[in-house]
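Participant: So here's work_10.cif, just mmCIF, C-alpha atoms:
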```
data_query
#
loop_
_atom_site.label_atom_id
_atom_site.label_comp_id
_atom_site.auth_asym_id
_atom_site.auth_seq_id
_atom_site.Cartn_x
_atom_site.Cartn_y
_atom_site.Cartn_z
CA MET A 277 28.96 -13.78 -31.60
CA GLY A 278 29.24 -10.01 -31.53
CA SER A 279 32.27 -7.98 -30.64
CA PRO A 280 32.76 -6.44 -27.15
CA ALA A 281 32.01 -3.04 -28.63
CA THR A 282 28.59 -4.29 -29.75
CA HIS A 283 27.82 -5.58 -26.27
CA GLY A 284 28.82 -2.27 -24.72
CA PHE A 285 26.54 -0.46 -27.10
CA PHE A 286 23.52 -2.51 -25.91
CA LEU A 287 24.34 -2.11 -22.18
CA LEU A 288 24.53 1.72 -22.30
CA PRO A 289 20.75 2.31 -22.01
CA PHE A 290 20.48 -0.01 -18.96
CA LEU A 291 23.39 1.71 -17.21
CA PHE A 292 21.79 5.06 -17.92
CA LEU A 293 18.46 3.94 -16.41
CA SER A 294 20.11 2.47 -13.31
CA LEU A 295 21.44 5.89 -12.40
CA PHE A 296 17.93 7.30 -12.06
CA LEU A 297 15.99 4.30 -10.73
CA PRO A 298 16.18 3.80 -6.89
CA SER A 299 17.53 0.55 -5.62
CA SER A 300 15.28 -2.04 -3.96
CA SER A 301 16.66 -1.29 -0.49
CA THR A 302 16.09 2.43 -0.95
CA ALA A 303 12.51 1.84 -2.15
CA ALA A 304 11.78 -0.41 0.80
CA ALA A 305 13.14 2.17 3.21
CA SER A 306 11.08 4.92 1.66
CA SER A 307 7.87 2.81 1.84
CA THR A 308 8.23 2.39 5.65
CA PRO A 309 6.65 5.39 7.42
CA GLN A 310 8.82 7.17 9.91
CA ILE A 311 7.01 7.82 13.23
CA ASN A 312 8.04 10.82 15.26
CA SER A 313 8.49 10.44 19.01
CA ASN A 314 5.92 13.23 19.39
CA SER A 315 3.37 11.27 17.38
CA ILE A 316 -0.14 10.63 18.57
CA LEU A 317 0.46 6.86 18.37
CA VAL A 318 3.41 7.05 20.75
CA ALA A 319 1.29 9.17 23.07
CA LEU A 320 -1.54 6.60 22.91
CA LEU A 321 0.75 3.72 23.87
CA ASP A 322 2.06 5.75 26.83
CA SER A 323 -1.35 7.07 27.93
CA ARG A 324 -3.80 5.77 30.51
CA TYR A 325 -5.80 3.92 27.84
CA THR A 326 -3.82 0.70 28.32
CA SER A 327 -6.68 -1.67 27.49
CA LEU A 328 -7.17 -0.02 24.10
CA SER A 329 -3.43 -0.22 23.41
CA GLU A 330 -3.41 -3.95 24.20
CA LEU A 331 -6.34 -4.57 21.87
CA LEU A 332 -4.62 -2.65 19.08
CA GLU A 333 -1.57 -4.87 19.45
CA LYS A 334 -3.67 -8.05 19.51
CA ALA A 335 -5.55 -6.90 16.41
CA LEU A 336 -2.25 -6.25 14.55
CA LEU A 337 -3.39 -2.69 13.76
CA LEU A 338 -0.26 -0.75 14.73
CA PRO A 339 1.24 -0.90 11.18
CA THR A 340 -2.09 0.28 9.75
CA LEU A 341 -2.23 3.23 12.14
CA GLU A 342 1.41 4.11 11.44
CA SER A 343 0.64 4.21 7.73
CA ALA A 344 -2.48 6.31 8.33
CA VAL A 345 -0.77 8.86 10.58
CA SER A 346 1.98 9.34 8.00
CA ARG A 347 -0.64 10.46 5.45
CA HIS A 348 -3.05 12.55 7.55
CA ASN A 349 -3.94 13.54 11.09
CA LEU A 350 -5.98 11.23 13.32
CA THR A 351 -8.72 11.63 15.89
CA ILE A 352 -8.96 8.71 18.31
CA PHE A 353 -11.98 8.11 20.54
CA ALA A 354 -10.41 5.99 23.29
CA PRO A 355 -12.70 4.02 25.66
CA THR A 356 -11.56 4.04 29.26
CA ASN A 357 -10.12 0.90 30.83
CA ASP A 358 -13.31 0.48 32.84
CA ALA A 359 -15.38 0.55 29.66
CA LEU A 360 -13.38 -2.26 28.07
CA ASP A 361 -12.68 -4.39 31.13
CA ARG A 362 -15.89 -4.19 33.16
CA LEU A 363 -18.70 -2.63 31.13
CA LEU A 364 -18.19 -4.69 27.98
CA ASP A 365 -20.31 -7.83 27.75
CA PRO A 366 -18.07 -10.84 28.65
CA ASP A 367 -19.55 -12.97 25.85
CA PHE A 368 -18.98 -10.19 23.35
CA LYS A 369 -15.41 -9.69 24.55
CA LEU A 370 -14.76 -13.42 24.26
CA PHE A 371 -16.17 -13.31 20.75
CA LEU A 372 -13.78 -10.49 19.78
CA LEU A 373 -10.68 -12.16 21.24
CA GLN A 374 -11.13 -15.43 19.36
CA PRO A 375 -8.56 -15.69 16.53
CA ARG A 376 -11.17 -16.51 13.88
CA HIS A 377 -12.98 -13.24 14.68
CA LEU A 378 -9.93 -11.02 14.10
CA PRO A 379 -11.67 -9.05 11.28
CA SER A 380 -14.49 -8.15 13.67
CA LEU A 381 -12.00 -6.90 16.28
CA GLN A 382 -10.20 -4.84 13.64
CA SER A 383 -13.48 -3.34 12.42
CA LEU A 384 -14.45 -2.37 15.98
CA LEU A 385 -11.11 -0.69 16.71
CA THR A 386 -10.88 1.22 13.41
CA PHE A 387 -14.42 2.46 14.16
CA HIS A 388 -12.83 4.55 16.95
CA VAL A 389 -10.35 6.36 14.66
CA LEU A 390 -11.24 9.30 12.39
CA SER A 391 -9.01 10.18 9.46
CA SER A 392 -9.03 13.89 10.32
CA LEU A 393 -8.10 16.16 13.22
CA PHE A 394 -11.24 17.03 15.19
CA GLN A 395 -10.92 18.93 18.47
CA LEU A 396 -14.19 18.99 20.37
CA SER A 397 -15.95 21.94 21.94
CA SER A 398 -19.49 22.69 22.98
CA ALA A 399 -19.87 24.96 19.97
CA ASP A 400 -19.33 22.09 17.47
CA ALA A 401 -22.31 21.35 15.34
CA GLY A 402 -23.88 17.95 15.90
CA GLY A 403 -25.57 15.43 13.67
CA ILE A 404 -22.69 15.18 11.17
CA LEU A 405 -21.35 11.82 10.05
CA HIS A 406 -17.57 11.53 10.09
CA PRO A 407 -15.76 8.78 8.17
CA THR A 408 -13.53 6.42 10.13
CA LEU A 409 -10.64 4.21 9.10
CA GLY A 410 -13.15 1.39 8.74
CA VAL A 411 -16.16 1.13 6.45
CA ASP A 412 -18.61 2.77 8.88
CA SER A 413 -19.06 6.40 9.97
CA VAL A 414 -19.72 7.90 13.38
CA SER A 415 -22.06 10.72 14.27
CA LEU A 416 -21.24 13.47 16.77
CA SER A 417 -23.93 15.37 18.65
CA VAL A 418 -24.12 17.95 21.43
CA ASP A 419 -27.12 18.11 23.76
CA ASN A 420 -28.53 21.16 25.51
CA ALA A 421 -26.27 20.65 28.53
CA GLY A 422 -23.21 20.81 26.29
CA VAL A 423 -22.41 17.08 26.60
CA VAL A 424 -20.71 15.76 23.48
CA ARG A 425 -21.76 12.30 22.31
CA VAL A 426 -20.15 9.98 19.78
CA ASP A 427 -22.95 7.66 18.71
CA SER A 428 -24.13 6.28 22.09
CA ALA A 429 -20.94 7.08 24.04
CA VAL A 430 -20.31 10.23 26.07
CA VAL A 431 -17.02 12.07 25.71
CA VAL A 432 -15.76 12.19 29.30
CA HIS A 433 -12.23 13.48 28.55
CA PRO A 434 -12.35 15.84 25.55
CA ASN A 435 -8.98 16.77 24.03
CA ASP A 436 -7.26 14.51 26.57
CA VAL A 437 -4.06 14.10 24.54
CA VAL A 438 -3.18 16.59 21.80
CA ARG A 439 -0.26 16.19 19.41
CA PRO A 440 0.58 17.89 16.10
CA ASP A 441 -0.64 14.87 14.13
CA GLY A 442 -3.70 13.93 16.16
CA VAL A 443 -5.87 14.14 19.26
CA ILE A 444 -7.32 11.61 21.73
CA HIS A 445 -10.75 11.98 23.32
CA GLY A 446 -11.76 9.70 26.22
CA ILE A 447 -15.23 8.11 26.01
CA ASP A 448 -17.20 6.14 28.62
CA ARG A 449 -18.02 3.08 26.50
CA ALA A 450 -16.84 1.22 23.44
CA LEU A 451 -18.29 2.06 20.03
CA ILE A 452 -19.70 -1.02 18.33
CA PRO A 453 -20.36 -0.81 14.58
CA ARG A 454 -23.52 -2.36 13.22
CA SER A 455 -21.64 -4.96 11.15
CA VAL A 456 -19.81 -6.33 14.19
CA GLN A 457 -23.00 -6.41 16.28
CA ASP A 458 -24.84 -8.32 13.53
CA GLU A 459 -22.00 -10.82 13.24
CA PHE A 460 -22.02 -11.41 16.99
CA ASN A 461 -25.80 -11.88 17.04
CA ARG A 462 -25.59 -14.32 14.14
CA ARG A 463 -22.90 -16.39 15.87
CA ARG A 464 -24.86 -16.39 19.12
CA SER A 465 -28.07 -17.51 17.44
CA LEU A 466 -26.23 -20.34 15.67
CA ARG A 467 -24.75 -21.44 18.99
CA SER A 468 -28.18 -21.54 20.58
CA ILE A 469 -29.41 -24.04 17.99
CA SER A 470 -28.99 -27.35 19.80
CA ALA A 471 -28.67 -30.63 17.94
CA VAL A 472 -29.61 -33.99 19.44
CA LEU A 473 -26.82 -34.98 21.79
CA PRO A 474 -25.68 -38.62 21.56
CA GLU A 475 -26.42 -40.61 24.67
CA GLY A 476 -24.78 -43.76 26.00
CA ALA A 477 -26.18 -47.23 25.51
CA PRO A 478 -28.98 -48.22 27.93
CA GLU A 479 -27.65 -49.68 31.17
CA VAL A 480 -28.75 -53.05 32.51
CA ASP A 481 -29.26 -53.57 36.22
CA PRO A 482 -27.07 -56.58 37.14
CA ARG A 483 -29.41 -57.58 39.96
CA THR A 484 -32.65 -57.72 37.99
CA HIS A 485 -31.21 -58.01 34.43
CA ARG A 486 -33.63 -55.32 33.32
CA LEU A 487 -33.02 -51.93 31.79
CA LYS A 488 -32.36 -49.21 34.30
CA LYS A 489 -34.83 -46.39 34.29
CA PRO A 490 -33.27 -43.05 33.34
CA ALA A 491 -32.60 -40.89 36.36
CA ALA A 492 -34.63 -37.75 36.78
CA PRO A 493 -32.79 -34.62 35.64
CA VAL A 494 -31.08 -32.72 38.42
CA PRO A 495 -30.08 -29.06 38.33
CA ALA A 496 -26.46 -28.20 37.68
CA GLY A 497 -24.39 -28.31 40.84
CA ALA A 498 -26.90 -30.37 42.83
CA PRO A 499 -25.57 -33.33 44.85
CA PRO A 500 -25.89 -36.72 43.13
CA VAL A 501 -29.01 -38.80 43.67
CA LEU A 502 -27.22 -42.13 44.15
CA PRO A 503 -24.74 -42.73 46.98
CA ILE A 504 -21.10 -42.82 46.01
CA PHE A 505 -20.87 -46.60 46.53
CA ASP A 506 -23.36 -47.18 43.69
CA ALA A 507 -21.38 -44.88 41.41
CA MET A 508 -18.05 -46.64 41.98
CA ALA A 509 -16.75 -48.89 39.24
CA PRO A 510 -16.88 -52.60 40.10
CA GLY A 511 -13.61 -54.25 41.03
CA PRO A 512 -11.55 -56.30 38.58
CA SER A 513 -12.93 -59.51 40.03
CA LEU A 514 -16.49 -58.58 39.08
CA ALA A 515 -16.35 -56.89 35.68
CA PRO A 516 -14.48 -54.12 33.88
CA ALA A 517 -15.63 -50.61 34.61
CA PRO A 518 -18.34 -49.48 32.19
CA ALA A 519 -17.26 -46.76 29.78
CA PRO A 520 -19.29 -43.54 30.15
CA GLY A 521 -21.50 -42.67 27.23
CA PRO A 522 -20.82 -39.54 25.18
CA GLY A 523 -22.61 -36.44 26.36
CA GLY A 524 -25.29 -36.99 28.93
CA PRO A 525 -26.81 -34.82 31.67
CA LYS A 526 -23.83 -35.15 34.01
CA GLY A 527 -20.37 -33.69 33.94
CA HIS A 528 -21.13 -30.49 35.83
CA PHE A 529 -17.65 -30.54 37.38
CA ASP A 530 -14.29 -31.02 35.74
CA GLY A 531 -13.15 -33.84 37.99
CA GLU A 532 -10.20 -34.87 35.84
CA SER A 533 -8.63 -31.42 36.08
CA GLN A 534 -9.25 -31.26 39.82
CA VAL A 535 -7.61 -34.65 40.40
CA LYS A 536 -4.62 -33.63 38.27
CA ASP A 537 -4.40 -30.42 40.26
CA PHE A 538 -4.31 -32.12 43.64
CA ILE A 539 -1.76 -34.73 42.44
CA HIS A 540 0.49 -31.93 41.19
CA THR A 541 0.01 -30.25 44.57
CA LEU A 542 1.16 -33.44 46.32
CA LEU A 543 4.28 -33.57 44.17
CA LYS A 544 5.11 -29.90 44.71
CA TYR A 545 4.35 -30.08 48.43
CA GLY A 546 7.02 -32.72 48.88
CA GLY A 547 7.04 -35.94 50.87
CA TYR A 548 4.02 -37.53 49.15
CA ASN A 549 5.53 -38.85 45.91
CA GLU A 550 4.72 -42.48 46.71
CA MET A 551 1.04 -41.69 47.24
CA ALA A 552 0.88 -39.85 43.90
CA ASP A 553 2.68 -42.73 42.19
CA MET A 554 0.19 -45.27 43.55
CA LEU A 555 -2.77 -43.19 42.41
CA VAL A 556 -1.48 -42.71 38.87
CA ASN A 557 0.82 -45.61 37.99
CA LEU A 558 0.22 -48.53 40.33
CA THR A 559 -3.58 -48.23 40.24
CA SER A 560 -6.23 -46.49 38.15
CA LEU A 561 -7.84 -44.73 41.11
CA ALA A 562 -6.92 -41.27 39.80
CA THR A 563 -9.17 -41.85 36.78
CA GLU A 564 -11.98 -43.22 38.94
CA MET A 565 -11.71 -40.31 41.37
CA GLY A 566 -11.94 -37.86 38.45
CA ARG A 567 -15.09 -39.57 37.22
CA LEU A 568 -16.70 -39.48 40.67
CA VAL A 569 -15.92 -35.78 41.16
CA SER A 570 -17.25 -35.02 37.66
CA GLU A 571 -20.55 -36.63 38.67
CA GLY A 572 -20.82 -34.37 41.72
CA TYR A 573 -19.35 -36.46 44.53
CA VAL A 574 -16.88 -35.10 47.07
CA LEU A 575 -13.84 -36.89 48.52
CA THR A 576 -11.42 -36.54 51.40
CA VAL A 577 -8.04 -38.20 50.85
CA LEU A 578 -5.98 -39.31 53.85
CA ALA A 579 -2.55 -39.30 52.20
CA PRO A 580 0.27 -41.22 53.97
CA ASN A 581 3.66 -39.59 53.55
CA ASP A 582 6.65 -41.26 51.92
CA GLU A 583 8.12 -42.36 55.25
CA ALA A 584 4.93 -44.26 56.08
CA MET A 585 4.70 -45.77 52.58
CA ALA A 586 8.27 -47.07 52.87
CA LYS A 587 7.20 -49.29 55.80
CA LEU A 588 4.84 -51.32 53.58
CA SER A 589 6.20 -54.79 52.93
CA VAL A 590 6.31 -56.53 49.58
CA GLU A 591 3.74 -59.09 50.76
CA GLN A 592 1.27 -56.31 51.55
CA LEU A 593 1.47 -54.95 48.00
CA SER A 594 1.97 -58.13 45.98
CA GLU A 595 -1.49 -59.65 46.48
CA PRO A 596 -3.94 -58.95 43.62
CA GLY A 597 -5.96 -55.84 44.35
CA ALA A 598 -4.01 -55.03 47.53
CA PRO A 599 -2.90 -51.49 46.50
CA GLU A 600 -6.48 -50.60 45.56
CA GLN A 601 -7.84 -51.89 48.87
CA ILE A 602 -5.21 -49.94 50.82
CA LEU A 603 -6.05 -46.71 48.99
CA TYR A 604 -9.80 -47.28 49.19
CA TYR A 605 -9.48 -47.34 53.00
CA HIS A 606 -7.88 -43.85 52.81
CA LEU A 607 -10.71 -42.29 50.75
CA ILE A 608 -13.64 -40.81 52.70
CA PRO A 609 -16.78 -39.96 50.66
CA GLU A 610 -17.23 -36.68 52.53
CA TYR A 611 -15.64 -33.26 52.33
CA GLN A 612 -13.72 -32.82 55.57
CA THR A 613 -11.06 -30.31 56.53
CA GLU A 614 -8.69 -30.32 59.48
CA GLU A 615 -10.96 -27.92 61.35
CA SER A 616 -14.15 -29.91 60.77
CA MET A 617 -12.57 -33.24 61.78
CA TYR A 618 -10.93 -31.81 64.88
CA ASN A 619 -14.18 -30.16 65.97
CA SER A 620 -16.00 -33.48 65.50
CA VAL A 621 -13.59 -35.54 67.57
CA ARG A 622 -13.50 -32.87 70.28
CA ARG A 623 -17.26 -32.90 70.50
CA PHE A 624 -18.05 -36.61 70.12
CA GLY A 625 -14.81 -38.21 71.29
CA LYS A 626 -14.79 -40.89 68.57
CA VAL A 627 -16.05 -40.51 65.02
CA ARG A 628 -16.43 -43.26 62.42
CA TYR A 629 -16.05 -42.18 58.81
CA ASP A 630 -17.24 -44.25 55.88
CA THR A 631 -14.56 -45.27 53.39
CA LEU A 632 -14.67 -46.50 49.82
CA ARG A 633 -13.53 -49.87 51.14
CA VAL A 634 -17.03 -51.07 51.92
CA PRO A 635 -18.05 -51.84 54.66
CA GLU A 636 -14.94 -50.79 56.57
CA LYS A 637 -14.92 -47.52 58.50
CA VAL A 638 -11.99 -45.46 59.73
CA VAL A 639 -12.13 -44.29 63.33
CA ALA A 640 -10.91 -40.84 64.35
CA ARG A 641 -10.14 -39.69 67.89
CA GLU A 642 -8.70 -36.60 69.53
CA ALA A 643 -5.14 -37.13 70.70
CA ASP A 644 -2.46 -34.63 71.75
CA GLY A 645 -4.32 -31.70 70.26
CA SER A 646 -4.62 -33.39 66.87
CA VAL A 647 -6.67 -36.09 65.16
CA ARG A 648 -5.61 -39.74 65.34
CA PHE A 649 -6.96 -42.28 62.88
CA GLY A 650 -7.19 -46.05 63.20
CA GLU A 651 -7.69 -48.65 65.93
CA GLY A 652 -4.36 -50.45 65.74
CA VAL A 653 -2.25 -51.80 68.60
CA ASP A 654 1.25 -50.56 69.41
CA GLY A 655 1.10 -47.96 66.68
CA GLU A 656 0.33 -50.42 63.87
CA GLY A 657 -2.53 -49.30 61.63
CA MET A 658 -2.73 -45.88 63.29
CA ALA A 659 -1.77 -42.44 62.02
CA TYR A 660 -1.86 -38.84 63.15
CA LEU A 661 -2.95 -35.85 61.12
CA TYR A 662 0.50 -34.63 60.07
CA ASP A 663 0.08 -32.07 57.25
CA PRO A 664 -3.44 -30.58 57.39
CA ASP A 665 -5.24 -29.12 54.39
CA ILE A 666 -2.61 -29.84 51.74
CA TYR A 667 -5.29 -29.31 49.09
CA THR A 668 -8.86 -28.05 49.52
CA ASP A 669 -10.99 -26.86 46.61
CA GLY A 670 -14.53 -27.56 47.82
CA ARG A 671 -14.72 -30.95 46.07
CA ILE A 672 -11.47 -32.71 47.04
CA SER A 673 -9.73 -32.38 50.40
CA VAL A 674 -6.25 -33.86 50.97
CA GLN A 675 -5.02 -34.39 54.54
CA GLY A 676 -1.48 -35.65 55.16
CA ILE A 677 -1.02 -38.42 57.74
CA ASP A 678 2.11 -40.07 59.13
CA GLY A 679 1.09 -43.71 58.80
CA VAL A 680 -0.72 -46.22 56.60
CA LEU A 681 -4.15 -47.20 57.90
CA PHE A 682 -5.50 -50.75 57.94
CA PRO A 683 -8.96 -51.89 59.02
CA PRO A 684 -9.11 -53.77 62.34
CA LYS A 685 -8.78 -57.50 61.81
CA ALA A 686 -11.81 -59.48 62.88
CA ALA A 687 -11.15 -61.91 65.67
CA THR A 688 -11.30 -65.39 64.15
CA LYS A 689 -11.71 -68.59 66.17
CA LYS A 690 -8.84 -71.06 65.74
CA ALA A 691 -9.83 -74.60 64.88
CA ALA A 692 -8.77 -77.13 67.47
CA THR A 693 -5.89 -79.31 66.32
CA GLU A 694 -6.75 -82.16 68.65
CA LYS A 695 -10.20 -83.48 69.50
CA LYS A 696 -10.95 -83.67 73.15
CA ALA A 697 -11.61 -87.19 74.32
CA VAL A 698 -15.07 -87.42 75.78
CA LYS A 699 -15.46 -90.19 78.37
CA VAL A 700 -18.69 -92.03 77.74
CA VAL A 701 -20.12 -93.67 80.84
CA ALA A 702 -22.49 -96.52 80.17
CA ALA A 703 -25.56 -95.84 82.21
CA LYS A 704 -27.31 -98.72 83.89
CA PRO A 705 -30.67 -99.22 82.27
CA ARG A 706 -33.29 -98.17 84.71
CA ARG A 707 -36.81 -99.47 84.75
CA GLY A 708 -39.83 -97.36 85.16
CA LYS A 709 -40.80 -96.11 88.57
CA LEU A 710 -44.14 -97.92 88.60
CA MET A 711 -42.57 -101.25 87.72
CA GLU A 712 -40.03 -100.84 90.52
CA VAL A 713 -42.78 -100.13 93.09
CA ALA A 714 -44.82 -103.14 91.94
CA CYS A 715 -41.86 -105.48 92.28
CA THR A 716 -41.17 -104.20 95.77
CA LEU A 717 -44.78 -104.88 96.84
CA LEU A 718 -44.79 -108.41 95.32
CA GLY A 719 -41.51 -109.23 97.01
CA ALA A 720 -42.85 -108.19 100.35
CA ALA A 721 -45.96 -110.31 99.82
CA PHE A 722 -44.20 -113.51 98.71
CA GLY A 723 -41.08 -113.05 100.77
CA GLN A 724 -38.70 -112.66 97.80
CA HIS A 725 -37.57 -110.11 95.31
CA SER A 726 -39.27 -111.11 92.06
CA CYS A 727 -38.11 -108.28 89.91
#
```
Rewrite the coordinates I just gave you, this time as structure tokens.
Facilitator:
Amino acid sequence: MGSPATHGFFLLPFLFLSLFLPSSSTAAASSTPQINSNSILVALLDSRYTSLSELLEKALLLPTLESAVSRHNLTIFAPTNDALDRLLDPDFKLFLLQPRHLPSLQSLLTFHVLSSLFQLSSADAGGILHPTLGVDSVSLSVDNAGVVRVDSAVVVHPNDVVRPDGVIHGIDRALIPRSVQDEFNRRRSLRSISAVLPEGAPEVDPRTHRLKKPAAPVPAGAPPVLPIFDAMAPGPSLAPAPAPGPGGPKGHFDGESQVKDFIHTLLKYGGYNEMADMLVNLTSLATEMGRLVSEGYVLTVLAPNDEAMAKLSVEQLSEPGAPEQILYYHLIPEYQTEESMYNSVRRFGKVRYDTLRVPEKVVAREADGSVRFGEGVDGEGMAYLYDPDIYTDGRISVQGIDGVLFPPKAATKKAATEKKAVKVVAAKPRRGKLMEVACTLLGAAFGQHSC
């Protein structure tokens, strides 16, 4: 153990050095560049080149530019908003905005920034390569008409913004370095290489117990070949619904998203919560409707409001499959709007629409300037078009009605409880006509009736 004097002797050099070495906070503050309010970067963010400013923020390049402007002046070739929003290839823009392609976006943006102050004029010599903040260089040229070009872009706003530490020139298109273009082409060519898509298991026709022949390919967006009744899943009494195979030629429409969208619309519209609850929770019709729309079919939903749903009794909903049958009768395999249905009933008087509850049809008539559905008596099983066009997107149409529809009950003959007594009269046996005539003649001859 040394004395305190010995320890003080060894600490003197460190105390002496601490007086001259900057502290960590001071060093950190000195490493951060200080940007003047009159800087070219501040002017860029406040200029009309808003699309370029947004891309610089998405590419996380503002700290890099702040560091660069603190060391030397900058020349920025800024594409106009039109050049970045409309003239740029949408696939190429999508490629740049993907997070995994951030280096490509940074390379493209730094390709627009020169590390020197360069004010343009028609007297500038062309054909000189100028280094950029990236790895590539740009060439400037002036044609005979005095038009200044930067690579393939034309400078439309020379010396648009001038500051002591830089200048901004407006150009009519984005500058794309060769490295970024090659990377985009390579990604696009890899995407075009198609592997063998997995298909579902072969389907068996339940009527013939033979393999179904594959359907002929149809163009995207074409109506389905089969009617909607053949595409519906069989009921629970027949068999479970077959699971769709992975991939396949169908799926041109995103039916699941469209069904979710119209159910959310019902909930936000108000007054149709019970209908949405039956579609999603009480039955699985929302999933089946999404599958049908994905395969290209269209649907019109006659949605009873909550007041009409509250009138349903427990017996009407407790039977197995009753909720599905009620909803099937409210689904029309056509795309109808309030205008088209009203025009039809005005023209034809009575229109019968097919429903997914085969073979029942729903009848529509014109009544009181609106459309009335159903053929009930005393208001039972009938409904009026109450909230037209709640949701219409070209594939699914939702029309609000003020009642729950039921198909007309077939008139059934009641069996007789008592058998009618039929009085049987014993008929006197009657002989033939010839025998009767012969007896009459013999009786007249012999004076007595012999027969």
Participant: What's the separation between atom CA of A:Lys334 and atom CA of A:Gln374, in Å to one decimal place?
Facilitator: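 Taking atom CA of A:Lys334 as the start and atom CA of A:Gln374 as the end point, the length is 10.5 Å.
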Participant: Taking only C-alpha atoms into account, name the residue in A:Ala586, A:Leu331, A:Met617, A:Val556 that is nearest to A:Leu378.
Facilitator: A:Leu331
Participant: Enter the distance from atom CA of A:Glu459 to atom CA of A:Pro379, in Å, rounded to one decimal.
Facilitator: 10.7 Å
Participant: Do you know which residues are at most 9 Å from A:Gly676 counting all atoms listed in the file, after dropping those on the same chain fewer than 6 positions away, and could you put them as a ChimeraX atom specification?
Facilitator: /A:548,577-581,660-666
Participant: Using the file's own x, y and z axes, what box holds all listed atoms of stretch 376-390 of chain A with 8 Å on each side, keeping edges along x, y and z, and what are its centre and edge lengths in Å to one decimal, as lines of an AutoDock Vina configuration file?
Facilitator:
```
center_x = -12.2
center_y = -3.6
center_z = 14.1
size_x = 20.6
size_y = 41.8
size_z = 21.7
```
Participant: Kindly reconstruct stretch 455-459 of chain A with all heavy atoms and present the result as a PDB file, keeping the file's coordinate frame.
Facilitator:
```pdb
ATOM      1  N   SER A 455     -22.071  -3.705  11.778  1.00  0.00           N
ATOM      2  CA  SER A 455     -21.640  -4.960  11.150  1.00  0.00           C
ATOM      3  C   SER A 455     -21.102  -5.945  12.176  1.00  0.00           C
ATOM      4  O   SER A 455     -21.393  -7.151  12.110  1.00  0.00           O
ATOM      5  CB  SER A 455     -20.578  -4.658  10.098  1.00  0.00           C
ATOM      6  OG  SER A 455     -19.473  -3.988  10.683  1.00  0.00           O
ATOM      7  N   VAL A 456     -20.353  -5.446  13.155  1.00  0.00           N
ATOM      8  CA  VAL A 456     -19.810  -6.330  14.190  1.00  0.00           C
ATOM      9  C   VAL A 456     -20.931  -6.838  15.096  1.00  0.00           C
ATOM     10  O   VAL A 456     -20.959  -8.010  15.482  1.00  0.00           O
ATOM     11  CB  VAL A 456     -18.729  -5.595  15.005  1.00  0.00           C
ATOM     12  CG1 VAL A 456     -18.219  -6.462  16.152  1.00  0.00           C
ATOM     13  CG2 VAL A 456     -17.589  -5.176  14.107  1.00  0.00           C
ATOM     14  N   GLN A 457     -21.889  -5.986  15.435  1.00  0.00           N
ATOM     15  CA  GLN A 457     -23.000  -6.410  16.280  1.00  0.00           C
ATOM     16  C   GLN A 457     -23.833  -7.477  15.580  1.00  0.00           C
ATOM     17  O   GLN A 457     -24.250  -8.464  16.195  1.00  0.00           O
ATOM     18  CB  GLN A 457     -23.874  -5.196  16.622  1.00  0.00           C
ATOM     19  CG  GLN A 457     -25.019  -5.500  17.580  1.00  0.00           C
ATOM     20  CD  GLN A 457     -24.520  -5.851  18.964  1.00  0.00           C
ATOM     21  OE1 GLN A 457     -23.698  -5.155  19.522  1.00  0.00           O
ATOM     22  NE2 GLN A 457     -25.008  -6.956  19.511  1.00  0.00           N
ATOM     23  N   ASP A 458     -24.068  -7.305  14.268  1.00  0.00           N
ATOM     24  CA  ASP A 458     -24.840  -8.320  13.530  1.00  0.00           C
ATOM     25  C   ASP A 458     -24.091  -9.641  13.461  1.00  0.00           C
ATOM     26  O   ASP A 458     -24.700 -10.719  13.566  1.00  0.00           O
ATOM     27  CB  ASP A 458     -25.128  -7.804  12.112  1.00  0.00           C
ATOM     28  CG  ASP A 458     -26.082  -6.620  12.118  1.00  0.00           C
ATOM     29  OD1 ASP A 458     -26.756  -6.408  13.150  1.00  0.00           O
ATOM     30  OD2 ASP A 458     -26.151  -5.892  11.101  1.00  0.00           O
ATOM     31  N   GLU A 459     -22.777  -9.589  13.290  1.00  0.00           N
ATOM     32  CA  GLU A 459     -22.000 -10.820  13.240  1.00  0.00           C
ATOM     33  C   GLU A 459     -22.038 -11.547  14.580  1.00  0.00           C
ATOM     34  O   GLU A 459     -22.179 -12.779  14.632  1.00  0.00           O
ATOM     35  CB  GLU A 459     -20.548 -10.490  12.858  1.00  0.00           C
ATOM     36  CG  GLU A 459     -19.613 -11.687  12.816  1.00  0.00           C
ATOM     37  CD  GLU A 459     -19.929 -12.642  11.677  1.00  0.00           C
ATOM     38  OE1 GLU A 459     -20.683 -12.249  10.759  1.00  0.00           O
ATOM     39  OE2 GLU A 459     -19.431 -13.779  11.717  1.00  0.00           O
TER      40      GLU A 459
END
```
